[in-house]
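This report concerns only the one structure given below.
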Amino acid sequence: MNDLDDQIAETLQAYRKARLRLFINLGFVIACCVGASGLRGAFGLPPAFLSVVLIAAILLFSPEIFRFMRLKNEMQRLERLRDGGS
C-alpha cells in the first residue's frame with residue numbers, strides 16, 4: 001500500500017506541474033492572439049491569420065496537452081485502485 005501511495009504522490013506532483021505548464025501555455029496563446037489581432041488590424045491581414053496563429057499554437061503545445069490528459073487519467077486510475085474499486 002505504501003508503494004501505491006508513493007506512486008500517487010509522484011503522479012500528483014507531475015500532474016500539478018503539467019497543469020501549471022498548461023496554464024502558462026494558455027497565457028502565451030492568448031498573448032499571441034492579442035498580438036496577431038493587433039498585427040491584423042495594423043497591416044490589414046485577413047481574418048484567417050488568427051486561425052493560423054491558433055492552429056500553430058495547438059500544434060506547438062499538443063504534447064503538453066496530451067501529457068496533462070494522460071496524467072489526469074493516471075491519477076483517476078490510481079485513486080480508484082487506492083479506494084478499492086476496479
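Ordering of the C-alpha cells sets the chain letters (A, B, ...), residue numbers begin anew at 1 in every chain, and ligands are numbered from 1 in the order given.
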Got a sec: who's within 12 Å of A:Met69, counting only C-alpha atoms, leaving out chain neighbours fewer than 5 positions off, as a ChimeraX atom specification?
/A:14-16,18-19,22,62-64,74-76
Can I get the selected residues back with C-alpha atoms, as a PDB file, in the first residue's frame?
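Output file again.pdb follows:
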```pdb
ATOM      1  CA  ALA A  14       3.746  15.575 -12.160  1.00  0.00           C
ATOM      2  CA  TYR A  15       0.046  16.354 -12.734  1.00  0.00           C
ATOM      3  CA  ARG A  16       0.298  19.683 -10.910  1.00  0.00           C
ATOM      4  CA  ALA A  18       1.718  19.731 -16.154  1.00  0.00           C
ATOM      5  CA  ARG A  19      -1.328  21.786 -15.161  1.00  0.00           C
ATOM      6  CA  LEU A  22      -0.769  24.245 -19.444  1.00  0.00           C
ATOM      7  CA  SER A  62      -0.140  19.478 -28.213  1.00  0.00           C
ATOM      8  CA  PRO A  63       2.488  17.365 -26.401  1.00  0.00           C
ATOM      9  CA  GLU A  64       1.822  19.328 -23.200  1.00  0.00           C
ATOM     10  CA  GLU A  74      -3.431   8.090 -14.452  1.00  0.00           C
ATOM     11  CA  MET A  75      -4.432   9.978 -11.298  1.00  0.00           C
ATOM     12  CA  GLN A  76      -8.024   8.811 -11.633  1.00  0.00           C
TER      13      GLN A  76
END
```
Can you tell me, as a list in words, what residues are no more than 9 Å from stretch 27-30 of chain A when counting only C-alpha atoms, ignoring any on the same chain fewer than 4 positions away?
Leu22, Phe23, Val34, Gly35, Val53, Leu54, Ala57 and Ile58 of chain A
Find the distance between atom CA of A:Phe43 and atom CA of A:Ile24 and write it in Å to one decimal.
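We find that atom CA of A:Phe43 and atom CA of A:Ile24 lie 28.3 Å from each other.
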Counting only C-alpha atoms, closest pick from A:Ala36, A:Ile65, A:Val52, A:Ile8 relative to A:Leu20 is A:Ile65
Atom CA of A:Asp3 and atom CA of A:Arg82, how far apart in Å?
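Between atom CA of A:Arg82 and atom CA of A:Asp3 the gap works out to 10.8 Å.
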Could you name the residues that touch stretch 38-40 of chain A at 12 Å or less, counting only C-alpha atoms, but leaving out those on the same chain fewer than 4 positions away, as a list in words?
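Everything that qualifies: Ala31, Cys32, Cys33, Val34, Gly44, Leu45, Pro46, Pro47, Ala48, Phe49, Leu50, Ser51, Val52 and Val53 of chain A.
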Keeping only C-alpha atoms, write those residues as a tab-separated table (two decimals), in the first residue's frame.
```tsv
chain	number	residue	atom	x	y	z
A	31	ALA	CA	-0.88	36.91	-25.76
A	32	CYS	CA	-0.11	35.63	-29.27
A	33	CYS	CA	-3.76	36.05	-30.30
A	34	VAL	CA	-3.80	39.61	-28.96
A	44	GLY	CA	-4.90	44.74	-42.97
A	45	LEU	CA	-4.32	40.98	-42.86
A	46	PRO	CA	-7.29	38.66	-43.46
A	47	PRO	CA	-9.24	37.17	-40.53
A	48	ALA	CA	-7.79	33.75	-41.37
A	49	PHE	CA	-4.50	34.99	-39.90
A	50	LEU	CA	-5.90	34.44	-36.41
A	51	SER	CA	-6.81	30.87	-37.35
A	52	VAL	CA	-3.23	30.25	-38.42
A	53	VAL	CA	-1.99	31.52	-35.05
```
Which one is closest to A:Leu71: A:Ser37, A:Ala56, A:Leu4, A:Thr11? Count only C-alpha atoms.
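Among the listed residues, A:Thr11 lies closest to A:Leu71.
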Between A:Leu59, A:Ala42, A:Leu78, A:Leu26, which is the closest to A:Leu12 once you count only C-alpha atoms?
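Comparing A:Leu59, A:Ala42, A:Leu78, A:Leu26 against A:Leu12, the winner is A:Leu78.
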So what do you get for atom CA of A:Asp83 versus atom CA of A:Phe68, distance-wise?
22.6 Å
